[in-house]
$ cat query_22.cif   # mmCIF, C-alpha atoms
data_my_file
#
loop_
_atom_site.group_PDB
_atom_site.id
_atom_site.type_symbol
_atom_site.label_atom_id
_atom_site.label_comp_id
_atom_site.auth_asym_id
_atom_site.auth_seq_id
_atom_site.Cartn_x
_atom_site.Cartn_y
_atom_site.Cartn_z
ATOM 1 C CA MET A 1 232.097 132.144 -27.552
ATOM 2 C CA GLY A 2 232.375 134.211 -24.392
ATOM 3 C CA ILE A 3 235.248 134.493 -21.957
ATOM 4 C CA GLN A 4 236.001 131.038 -20.610
ATOM 5 C CA ILE A 5 235.706 130.745 -16.863
ATOM 6 C CA ASP A 6 235.870 127.959 -14.311
ATOM 7 C CA ILE A 7 233.615 127.895 -11.263
ATOM 8 C CA PHE A 8 234.582 126.457 -7.905
ATOM 9 C CA GLY A 9 231.949 127.404 -5.402
ATOM 10 C CA SER A 10 228.357 127.440 -4.268
ATOM 11 C CA THR A 11 225.111 127.755 -6.220
ATOM 12 C CA VAL A 12 225.529 131.544 -6.062
ATOM 13 C CA CYS A 13 228.492 131.391 -8.451
ATOM 14 C CA ARG A 14 226.522 129.218 -10.843
ATOM 15 C CA ASP A 15 223.285 131.196 -10.642
ATOM 16 C CA MET A 16 224.903 134.561 -11.361
ATOM 17 C CA ILE A 17 226.057 133.379 -14.798
ATOM 18 C CA ARG A 18 222.417 132.970 -15.847
ATOM 19 C CA TYR A 19 222.056 136.745 -15.457
ATOM 20 C CA SER A 20 225.026 137.608 -17.669
ATOM 21 C CA GLU A 21 224.657 138.779 -21.240
ATOM 22 C CA GLU A 22 224.305 136.098 -23.885
ATOM 23 C CA ASP A 23 227.731 134.721 -24.881
ATOM 24 C CA GLU A 24 229.451 136.950 -22.316
ATOM 25 C CA PHE A 25 230.887 133.956 -20.419
ATOM 26 C CA THR A 26 231.414 130.303 -21.237
ATOM 27 C CA VAL A 27 231.706 127.964 -18.259
ATOM 28 C CA ASN A 28 234.423 125.366 -18.804
ATOM 29 C CA ARG A 29 234.574 123.630 -15.408
ATOM 30 C CA CYS A 30 231.859 123.887 -12.744
ATOM 31 C CA ILE A 31 232.576 122.304 -9.355
ATOM 32 C CA GLY A 32 230.414 122.889 -6.294
ATOM 33 C CA GLY A 33 229.658 121.318 -2.951
ATOM 34 C CA VAL A 34 233.350 120.765 -2.220
ATOM 35 C CA PRO A 35 234.791 122.870 0.629
ATOM 36 C CA VAL A 36 238.484 123.775 0.438
ATOM 37 C CA SER A 37 238.895 122.250 3.901
ATOM 38 C CA THR A 38 238.059 118.795 2.452
ATOM 39 C CA LEU A 39 240.601 118.865 -0.390
ATOM 40 C CA TYR A 40 243.525 117.337 1.478
ATOM 41 C CA GLU A 41 241.871 114.523 3.386
ATOM 42 C CA ARG A 42 242.439 110.861 2.568
ATOM 43 C CA PRO A 43 240.316 109.698 -0.434
ATOM 44 C CA ILE A 44 237.199 107.688 0.437
ATOM 45 C CA THR A 45 235.476 105.065 -1.689
ATOM 46 C CA LEU A 46 231.720 105.496 -1.963
ATOM 47 C CA ASP A 47 229.191 102.700 -2.334
ATOM 48 C CA GLU A 48 228.427 103.224 -6.037
ATOM 49 C CA GLU A 49 225.221 101.181 -6.033
ATOM 50 C CA ALA A 50 223.859 103.066 -3.034
ATOM 51 C CA LEU A 51 224.799 106.358 -4.696
ATOM 52 C CA LYS A 52 222.802 105.435 -7.804
ATOM 53 C CA ARG A 53 219.699 104.719 -5.753
ATOM 54 C CA ILE A 54 219.409 107.900 -3.729
ATOM 55 C CA PRO A 55 216.916 110.459 -5.162
ATOM 56 C CA VAL A 56 219.147 113.519 -5.571
ATOM 57 C CA SER A 57 220.438 115.293 -8.679
ATOM 58 C CA GLN A 58 223.134 113.751 -10.845
ATOM 59 C CA TYR A 59 225.172 116.910 -10.321
ATOM 60 C CA ASP A 60 225.179 116.464 -6.530
ATOM 61 C CA LYS A 61 226.187 112.822 -6.957
ATOM 62 C CA ARG A 62 229.096 113.759 -9.235
ATOM 63 C CA MET A 63 230.245 116.482 -6.863
ATOM 64 C CA LEU A 64 230.245 114.113 -3.890
ATOM 65 C CA LYS A 65 232.392 111.662 -5.874
ATOM 66 C CA ILE A 66 234.794 114.456 -6.820
ATOM 67 C CA GLN A 67 234.979 115.523 -3.184
ATOM 68 C CA MET A 68 235.748 111.972 -2.030
ATOM 69 C CA ASN A 69 238.396 111.532 -4.750
ATOM 70 C CA ARG A 70 240.133 114.736 -3.533
ATOM 71 C CA ASN A 71 240.993 115.714 -7.119
ATOM 72 C CA VAL A 72 239.395 119.177 -7.469
ATOM 73 C CA VAL A 73 242.662 121.053 -8.000
ATOM 74 C CA LYS A 74 243.799 118.557 -10.624
ATOM 75 C CA LEU A 75 240.515 118.901 -12.534
ATOM 76 C CA LEU A 76 240.659 122.689 -12.467
ATOM 77 C CA LYS A 77 244.244 122.795 -13.662
ATOM 78 C CA LYS A 78 243.301 120.655 -16.660
ATOM 79 C CA SER A 79 240.896 123.349 -17.794
ATOM 80 C CA GLU A 80 241.759 125.747 -20.591
ATOM 81 C CA ALA A 81 239.993 128.674 -18.915
ATOM 82 C CA ASP A 82 242.125 131.519 -17.628
ATOM 83 C CA ILE A 83 239.679 132.836 -15.020
ATOM 84 C CA LEU A 84 238.537 131.092 -11.860
ATOM 85 C CA VAL A 85 235.385 132.318 -10.095
ATOM 86 C CA MET A 86 234.974 130.980 -6.576
ATOM 87 C CA ASP A 87 233.375 131.496 -3.196
ATOM 88 C CA LEU A 88 233.527 129.687 0.148
ATOM 89 C CA ALA A 89 229.833 129.335 1.050
ATOM 90 C CA ASP A 90 230.061 125.534 0.776
ATOM 91 C CA GLU A 91 232.410 125.531 3.768
ATOM 92 C CA ALA A 92 229.287 125.997 5.907
ATOM 93 C CA MET A 93 227.679 122.797 4.612
ATOM 94 C CA LYS A 94 226.859 120.039 7.069
ATOM 95 C CA ARG A 95 229.438 117.303 7.585
ATOM 96 C CA TYR A 96 228.974 113.553 7.942
ATOM 97 C CA GLN A 97 231.614 111.696 9.950
ATOM 98 C CA TYR A 98 232.151 108.073 10.816
ATOM 99 C CA GLY A 99 234.884 105.842 12.188
ATOM 100 C CA LYS A 100 236.788 105.617 15.463
ATOM 101 C CA SER A 101 240.552 105.611 15.132
ATOM 102 C CA SER A 102 240.710 107.139 11.641
ATOM 103 C CA ARG A 103 237.607 109.269 11.309
ATOM 104 C CA GLN A 104 236.379 109.987 7.787
ATOM 105 C CA SER A 105 234.155 112.920 6.911
ATOM 106 C CA ALA A 106 232.261 114.420 3.982
ATOM 107 C CA ALA A 107 230.397 117.671 3.361
ATOM 108 C CA TYR A 108 226.933 117.229 1.898
ATOM 109 C CA PRO A 109 223.912 119.269 0.750
ATOM 110 C CA ASP A 110 220.696 119.187 2.754
ATOM 111 C CA GLU A 111 219.055 116.990 0.111
ATOM 112 C CA MET A 112 221.400 114.139 1.073
ATOM 113 C CA GLU A 113 220.713 114.356 4.822
ATOM 114 C CA ALA A 114 218.754 111.090 5.028
ATOM 115 C CA TYR A 115 221.081 109.053 2.810
ATOM 116 C CA MET A 116 224.630 109.704 3.993
ATOM 117 C CA GLY A 117 224.779 106.593 6.174
ATOM 118 C CA GLN A 118 224.118 104.429 3.109
ATOM 119 C CA LEU A 119 227.004 105.747 1.002
ATOM 120 C CA PHE A 120 230.111 104.798 2.963
ATOM 121 C CA PRO A 121 231.382 101.253 3.470
ATOM 122 C CA ASN A 122 231.144 100.094 7.097
ATOM 123 C CA SER A 123 229.526 103.374 8.183
ATOM 124 C CA SER A 124 226.663 101.403 9.763
ATOM 125 C CA ASP A 125 229.089 99.249 11.766
ATOM 126 C CA PRO A 126 228.503 99.803 15.530
ATOM 127 C CA ASP A 127 232.277 100.009 15.932
ATOM 128 C CA SER A 128 232.309 102.959 13.514
ATOM 129 C CA PRO A 129 229.904 105.473 15.090
ATOM 130 C CA GLU A 130 228.557 108.202 12.826
ATOM 131 C CA LYS A 131 227.509 111.790 13.448
ATOM 132 C CA LYS A 132 226.342 114.843 11.536
ATOM 133 C CA TYR A 133 227.401 118.358 12.451
ATOM 134 C CA LEU A 134 228.084 121.876 11.216
ATOM 135 C CA PRO A 135 231.800 122.727 10.952
ATOM 136 C CA MET A 136 231.646 125.771 13.221
ATOM 137 C CA ASP A 137 230.095 123.610 15.952
ATOM 138 C CA ALA A 138 232.985 121.141 15.876
ATOM 139 C CA GLU A 139 235.677 123.573 17.075
ATOM 140 C CA MET A 140 237.833 122.757 14.071
ATOM 141 C CA ASP A 141 241.540 123.528 14.439
ATOM 142 C CA MET A 142 242.049 126.845 12.621
ATOM 143 C CA GLU A 143 245.777 126.266 12.277
ATOM 144 C CA ILE A 144 245.063 123.105 10.287
ATOM 145 C CA ILE A 145 242.423 124.913 8.223
ATOM 146 C CA GLU A 146 244.853 127.735 7.470
ATOM 147 C CA LYS A 147 247.536 125.265 6.342
ATOM 148 C CA LYS A 148 245.044 123.700 3.938
ATOM 149 C CA TYR A 149 244.134 127.108 2.532
ATOM 150 C CA ARG A 150 247.764 128.083 2.042
ATOM 151 C CA LYS A 151 248.397 124.782 0.260
ATOM 152 C CA PHE A 152 245.356 125.342 -1.944
ATOM 153 C CA ALA A 153 246.595 128.845 -2.824
ATOM 154 C CA ARG A 154 250.015 127.478 -3.807
ATOM 155 C CA GLU A 155 248.516 124.710 -5.944
ATOM 156 C CA ILE A 156 245.901 126.810 -7.719
ATOM 157 C CA THR A 157 247.939 129.924 -8.601
ATOM 158 C CA LEU A 158 250.389 130.293 -11.457
ATOM 159 C CA SER A 159 254.107 130.224 -10.646
ATOM 160 C CA ASP A 160 257.344 128.921 -12.134
ATOM 161 C CA GLU A 161 256.836 125.713 -10.162
ATOM 162 C CA ASN A 162 253.115 125.578 -11.030
ATOM 163 C CA PRO A 163 252.741 126.484 -14.745
ATOM 164 C CA LEU A 164 249.174 125.142 -14.990
ATOM 165 C CA GLY A 165 247.787 127.374 -12.249
ATOM 166 C CA TYR A 166 245.659 130.488 -12.726
ATOM 167 C CA PRO A 167 247.312 133.903 -12.614
ATOM 168 C CA GLU A 168 246.434 135.183 -9.150
ATOM 169 C CA GLU A 169 244.845 138.362 -10.543
ATOM 170 C CA ASN A 170 242.559 136.107 -12.647
ATOM 171 C CA ILE A 171 241.042 134.486 -9.569
ATOM 172 C CA VAL A 172 237.776 136.205 -8.647
ATOM 173 C CA LEU A 173 236.614 135.634 -5.083
ATOM 174 C CA ILE A 174 232.947 136.355 -4.431
ATOM 175 C CA GLU A 175 232.427 136.946 -0.731
ATOM 176 C CA THR A 176 229.152 135.032 -0.516
ATOM 177 C CA PHE A 177 227.290 134.993 2.790
ATOM 178 C CA TYR A 178 223.985 133.516 3.886
ATOM 179 C CA ALA A 179 221.013 135.921 3.748
ATOM 180 C CA GLU A 180 219.454 136.367 7.181
ATOM 181 C CA ASP A 181 215.914 136.792 5.865
ATOM 182 C CA TYR A 182 213.691 136.411 2.827
ATOM 183 C CA VAL A 183 210.916 138.512 1.325
ATOM 184 C CA GLY A 184 207.527 136.851 1.538
ATOM 185 C CA ASP A 185 205.643 136.481 -1.730
ATOM 186 C CA ALA A 186 202.185 136.870 -0.212
ATOM 187 C CA ASP A 187 202.776 139.737 2.227
ATOM 188 C CA GLY A 188 205.810 141.518 0.792
ATOM 189 C CA VAL A 189 207.605 141.777 4.129
ATOM 190 C CA THR A 190 210.858 140.272 5.422
ATOM 191 C CA HIS A 191 210.890 137.032 7.398
ATOM 192 C CA ALA A 192 213.931 135.844 9.356
ATOM 193 C CA PHE A 193 215.149 132.336 8.634
ATOM 194 C CA ASP A 194 214.588 129.789 11.369
ATOM 195 C CA SER A 195 217.297 129.882 14.045
ATOM 196 C CA LYS A 196 217.969 126.179 13.353
ATOM 197 C CA ARG A 197 219.662 127.213 10.106
ATOM 198 C CA LYS A 198 222.313 129.048 12.172
ATOM 199 C CA VAL A 199 222.746 131.735 9.549
ATOM 200 C CA LYS A 200 224.695 134.144 11.776
ATOM 201 C CA GLU A 201 226.983 131.376 13.024
ATOM 202 C CA ARG A 202 227.651 130.205 9.479
ATOM 203 C CA ASN A 203 228.454 133.730 8.341
ATOM 204 C CA ALA A 204 230.843 134.266 11.259
ATOM 205 C CA TRP A 205 232.623 131.041 10.243
ATOM 206 C CA LEU A 206 232.798 132.117 6.593
ATOM 207 C CA LYS A 207 234.176 135.529 7.529
ATOM 208 C CA GLN A 208 237.205 133.879 9.123
ATOM 209 C CA LEU A 209 237.808 131.732 6.044
ATOM 210 C CA TYR A 210 237.563 134.638 3.598
ATOM 211 C CA GLU A 211 240.194 136.471 5.628
ATOM 212 C CA ILE A 212 242.497 133.445 5.466
ATOM 213 C CA LEU A 213 242.062 133.072 1.707
ATOM 214 C CA ARG A 214 242.626 136.775 1.035
ATOM 215 C CA LYS A 215 245.906 136.574 2.958
ATOM 216 C CA SER A 216 246.895 133.448 1.032
ATOM 217 C CA MET A 217 246.078 135.033 -2.353
ATOM 218 C CA PRO A 218 246.559 138.794 -1.866
ATOM 219 C CA GLU A 219 246.420 139.553 -5.601
ATOM 220 C CA CYS A 220 243.072 137.849 -6.215
ATOM 221 C CA ARG A 221 240.180 140.150 -7.056
ATOM 222 C CA ILE A 222 237.168 140.389 -4.781
ATOM 223 C CA ILE A 223 233.463 140.972 -5.343
ATOM 224 C CA LYS A 224 231.701 141.902 -2.121
ATOM 225 C CA LEU A 225 228.100 141.107 -1.290
ATOM 226 C CA PRO A 226 226.105 144.337 -0.804
ATOM 227 C CA ILE A 227 224.447 145.229 2.500
ATOM 228 C CA PHE A 228 220.802 144.259 3.071
ATOM 229 C CA THR A 229 220.906 141.320 0.666
ATOM 230 C CA HIS A 230 217.683 139.314 0.996
ATOM 231 C CA ALA A 231 216.695 135.854 -0.166
ATOM 232 C CA SER A 232 213.681 135.340 -2.403
ATOM 233 C CA GLU A 233 210.698 133.075 -1.901
ATOM 234 C CA ASN A 234 210.446 132.667 -5.688
ATOM 235 C CA HIS A 235 213.937 131.382 -6.436
ATOM 236 C CA LEU A 236 214.384 128.594 -8.990
ATOM 237 C CA ARG A 237 216.123 126.444 -6.363
ATOM 238 C CA GLY A 238 213.495 127.121 -3.730
ATOM 239 C CA ILE A 239 213.681 129.307 -0.671
ATOM 240 C CA GLY A 240 216.968 129.308 1.259
ATOM 241 C CA PRO A 241 219.713 131.620 2.568
ATOM 242 C CA LEU A 242 221.651 131.329 -0.729
ATOM 243 C CA SER A 243 218.585 131.921 -2.924
ATOM 244 C CA TYR A 244 218.983 135.643 -3.502
ATOM 245 C CA HIS A 245 216.728 138.163 -5.234
ATOM 246 C CA GLU A 246 217.551 138.466 -8.916
ATOM 247 C CA GLU A 247 218.891 142.024 -8.491
ATOM 248 C CA THR A 248 221.776 140.556 -6.479
ATOM 249 C CA TYR A 249 222.690 138.156 -9.287
ATOM 250 C CA ILE A 250 222.518 140.960 -11.817
ATOM 251 C CA TYR A 251 224.944 142.961 -9.671
ATOM 252 C CA LEU A 252 227.311 139.989 -9.291
ATOM 253 C CA SER A 253 227.228 139.318 -13.028
ATOM 254 C CA GLN A 254 227.935 142.968 -13.853
ATOM 255 C CA ALA A 255 230.754 143.061 -11.289
ATOM 256 C CA LEU A 256 232.339 140.007 -12.901
ATOM 257 C CA GLY A 257 231.945 141.722 -16.268
ATOM 258 C CA VAL A 258 233.837 144.759 -14.960
ATOM 259 C CA LEU A 259 236.737 142.558 -13.833
ATOM 260 C CA CYS A 260 236.761 140.679 -17.156
ATOM 261 C CA GLY A 261 236.396 143.809 -19.276
ATOM 262 C CA THR A 262 232.997 142.906 -20.754
ATOM 263 C CA TYR A 263 230.939 145.420 -18.741
ATOM 264 C CA LYS A 264 232.049 149.026 -19.164
ATOM 265 C CA LYS A 265 229.039 150.997 -17.901
ATOM 266 C CA ASN A 266 230.300 151.443 -14.347
ATOM 267 C CA SER A 267 233.118 150.672 -11.935
ATOM 268 C CA LEU A 268 233.195 147.831 -9.426
ATOM 269 C CA GLU A 269 233.128 150.232 -6.480
ATOM 270 C CA ASN A 270 230.190 152.206 -7.867
ATOM 271 C CA LEU A 271 228.195 149.053 -8.611
ATOM 272 C CA PHE A 272 228.720 147.907 -5.023
ATOM 273 C CA LYS A 273 227.652 151.262 -3.554
ATOM 274 C CA GLU A 274 224.665 151.587 -5.875
ATOM 275 C CA ARG A 275 223.365 148.088 -5.139
ATOM 276 C CA GLY A 276 223.842 148.595 -1.409
ATOM 277 C CA LEU A 277 221.917 151.889 -1.499
ATOM 278 C CA LYS A 278 219.060 150.355 -3.479
ATOM 279 C CA ASN A 279 218.971 147.397 -1.084
ATOM 280 C CA GLN A 280 218.841 149.776 1.866
ATOM 281 C CA LEU A 281 215.949 151.782 0.393
ATOM 282 C CA TYR A 282 214.086 148.607 -0.534
ATOM 283 C CA THR A 283 214.546 147.198 2.974
ATOM 284 C CA ARG A 284 213.285 150.438 4.520
ATOM 285 C CA LEU A 285 210.183 150.221 2.337
ATOM 286 C CA LEU A 286 209.579 146.602 3.311
ATOM 287 C CA ARG A 287 209.947 147.354 7.001
ATOM 288 C CA CYS A 288 207.692 150.399 6.821
ATOM 289 C CA GLY A 289 205.064 148.260 5.148
ATOM 290 C CA SER A 290 205.300 145.614 7.849
ATOM 291 C CA VAL A 291 204.989 148.231 10.599
ATOM 292 C CA HIS A 292 202.052 150.139 9.170
ATOM 293 C CA SER A 293 200.063 147.591 7.163
ATOM 294 C CA ILE A 294 198.474 145.712 10.065
ATOM 295 C CA PRO A 295 197.478 148.793 12.139
ATOM 296 C CA GLY A 296 196.202 150.425 8.948
ATOM 297 C CA MET A 297 194.094 147.418 8.097
ATOM 298 C CA LYS A 298 192.735 147.300 11.656
ATOM 299 C CA LYS A 299 191.658 150.943 11.382
ATOM 300 C CA GLN A 300 189.939 150.310 8.062
ATOM 301 C CA ILE A 301 188.137 147.295 9.509
ATOM 302 C CA ALA A 302 187.071 149.299 12.577
ATOM 303 C CA ASP A 303 185.709 152.095 10.340
ATOM 304 C CA LEU A 304 183.777 149.617 8.209
ATOM 305 C CA GLU A 305 182.383 147.896 11.292
ATOM 306 C CA GLN A 306 181.238 151.291 12.606
ATOM 307 C CA GLN A 307 179.550 152.078 9.285
ATOM 308 C CA VAL A 308 177.808 148.672 9.258
ATOM 309 C CA ALA A 309 176.600 149.207 12.835
ATOM 310 C CA GLY A 310 175.214 152.620 11.887
ATOM 311 C CA LEU A 311 173.379 151.206 8.887
ATOM 312 C CA GLN A 312 172.016 148.352 10.969
ATOM 313 C CA LYS A 313 170.722 150.884 13.528
ATOM 314 C CA GLN A 314 168.951 152.841 10.803
ATOM 315 C CA ILE A 315 167.357 149.646 9.435
ATOM 316 C CA ASN A 316 166.124 148.655 12.886
ATOM 317 C CA GLU A 317 164.583 152.117 13.395
ATOM 318 C CA LEU A 318 162.829 151.931 10.011
ATOM 319 C CA LYS A 319 161.408 148.504 10.904
ATOM 320 C CA LYS A 320 159.885 149.937 14.114
ATOM 321 C CA LYS A 321 158.003 152.524 12.064
#
$ encode --input "query_22.cif" --output "structure tokens"
Amino acid sequence: MGIQIDIFGSTVCRDMIRYSEEDEFTVNRCIGGVPVSTLYERPITLDEEALKRIPVSQYDKRMLKIQMNRNVVKLLKKSEADILVMDLADEAMKRYQYGKSSRQSAAYPDEMEAYMGQLFPNSSDPDSPEKKYLPMDAEMDMEIIEKKYRKFAREITLSDENPLGYPEENIVLIETFYAEDYVGDADGVTHAFDSKRKVKERNAWLKQLYEILRKSMPECRIIKLPIFTHASENHLRGIGPLSYHEETYIYLSQALGVLCGTYKKNSLENLFKERGLKNQLYTRLLRCGSVHSIPGMKKQIADLEQQVAGLQKQINELKKK
């Protein structure tokens, strides 16, 4: 059995474990799709029958129920694992909100977009208007957000008053951000994600939250995302800003191994620099290919057309004879 870890974060945290060595880590608890900013809202009862009917994964359904029960911290503290791996990428998920005087809200994955209005009692009531939005577009009160993060830090870290928490140095924060582009499978060049995804805006929002959490847990250990990280068109989960190339997951897994003492081939700092350099060289190659491939092909086509025209001229002259 490997080192027991708990995961509280996005698909990136879960996917990186698949690239670890066999039996290097054992995942005890795995909770995703639940932003820290939702942990201290009033619990909401879901329509269980409606939840059963919607065509999304059982995992996403369970995570939405956990989010609405507001019991993430309690579940994590019941775990026997000593190490918590987390990121904040789920904070940039869309939010569904309904109600007038006492507005209720929930974060949800894109797969649930069409079904959110079916899951909450009275959400279709005309007196309880609903809306969907991204958190950074809602001008959320950062003072309130910061209070929630400080409360989360107190409740999740070990202290005399909190004996079931994780030692702060055993909390690993992966600074996950959304990739701005992906590498095309057919052409091998980079393609920017559609502006509707608001990748830059989401990353700016996440940057603020990572700063707040680092201040709230100064002894936690951090794994940074290397520069020039691209998404992949061939990811198991499909193409998206959190569907990285496998080299990124290998780096993240090795970095976690360094912090847990299972990977001794390099240091955390060197792994970060090495991956960033390789990413930079790879990106330069991709961009050079995109700049020169089309003009090069046009020249080849022009040369071939000229050769064909010459041959055709010779054939015509032979026919005249």
$ residues_around --input "query_22.cif" --residues "Tyr40 of chain A" --least-positions-apart "6" --cutoff "12 Å" --atoms "only C-alpha atoms" --output "ChimeraX atom specification"
/A:34,67-73,105-106,144-145,147-152,155
$ resolve_selection --input "query_22.cif" --expression "the PyMOL selection byres ((chain A and resi 94) around 6)" --output "list of chain:residue names"
A:Met93, A:Arg95, A:Ala107, A:Tyr108, A:Tyr133, A:Leu134
$ write_last_selection --input "query_22.cif" --atoms "C-alpha atoms" --output "mmCIF file, in the coordinates of the input"
data_model
loop_
_atom_site.group_PDB
_atom_site.id
_atom_site.type_symbol
_atom_site.label_atom_id
_atom_site.label_comp_id
_atom_site.auth_asym_id
_atom_site.auth_seq_id
_atom_site.Cartn_x
_atom_site.Cartn_y
_atom_site.Cartn_z
ATOM 1 C CA MET A 93 227.679 122.797 4.612
ATOM 2 C CA ARG A 95 229.438 117.303 7.585
ATOM 3 C CA ALA A 107 230.397 117.671 3.361
ATOM 4 C CA TYR A 108 226.933 117.229 1.898
ATOM 5 C CA TYR A 133 227.401 118.358 12.451
ATOM 6 C CA LEU A 134 228.084 121.876 11.216
#
$ residues_around --input "query_22.cif" --residues "Thr157 of chain A" --least-positions-apart "3" --cutoff "8 Å" --atoms "all atoms listed in the file" --output "list in words"
Ala153, Arg154, Asn162, Gly165, Tyr166, Pro167 and Glu168 of chain A
$ atom_distance --input "query_22.cif" --atom1 "atom CA of Leu252 of chain A" --atom2 "atom CA of Ser10 of chain A"
13.6 Å
$ residues_near_point --input "query_22.cif" --point "(228.4, 122.3, 4.3)" --cutoff "12 Å" --atoms "only C-alpha atoms" --output "PyMOL selection string"
chain A and resi 9-10+32-38+64+88-96+105-113+132-137+197+202+205-206
$ closest_residue --input "query_22.cif" --among "A:Ala231, A:Ile83, A:Leu209, A:Val189" --to "Leu158 of chain A" --atoms "all atoms listed in the file"
A:Ile83
$ axis_aligned_box --input "query_22.cif" --around "segment 271-283 of chain A" --padding-each-side "8 Å" --output "AutoDock Vina command-line options"
--center_x 221.4 --center_y 149.5 --center_z -2.8 --size_x 30.6 --size_y 20.7 --size_z 27.6
$ closest_residue --input "query_22.cif" --among "A:Tyr251, A:Pro218, A:Asp185, A:Ser195" --to "Tyr263 of chain A" --atoms "only C-alpha atoms"
A:Tyr251
$ residues_near_point --input "query_22.cif" --point "(219.5, 134.0, -11.3)" --cutoff "9 Å" --atoms "only C-alpha atoms" --output "VMD selection string"
chain A and resid 12 14 to 19 235 to 236 243 to 250
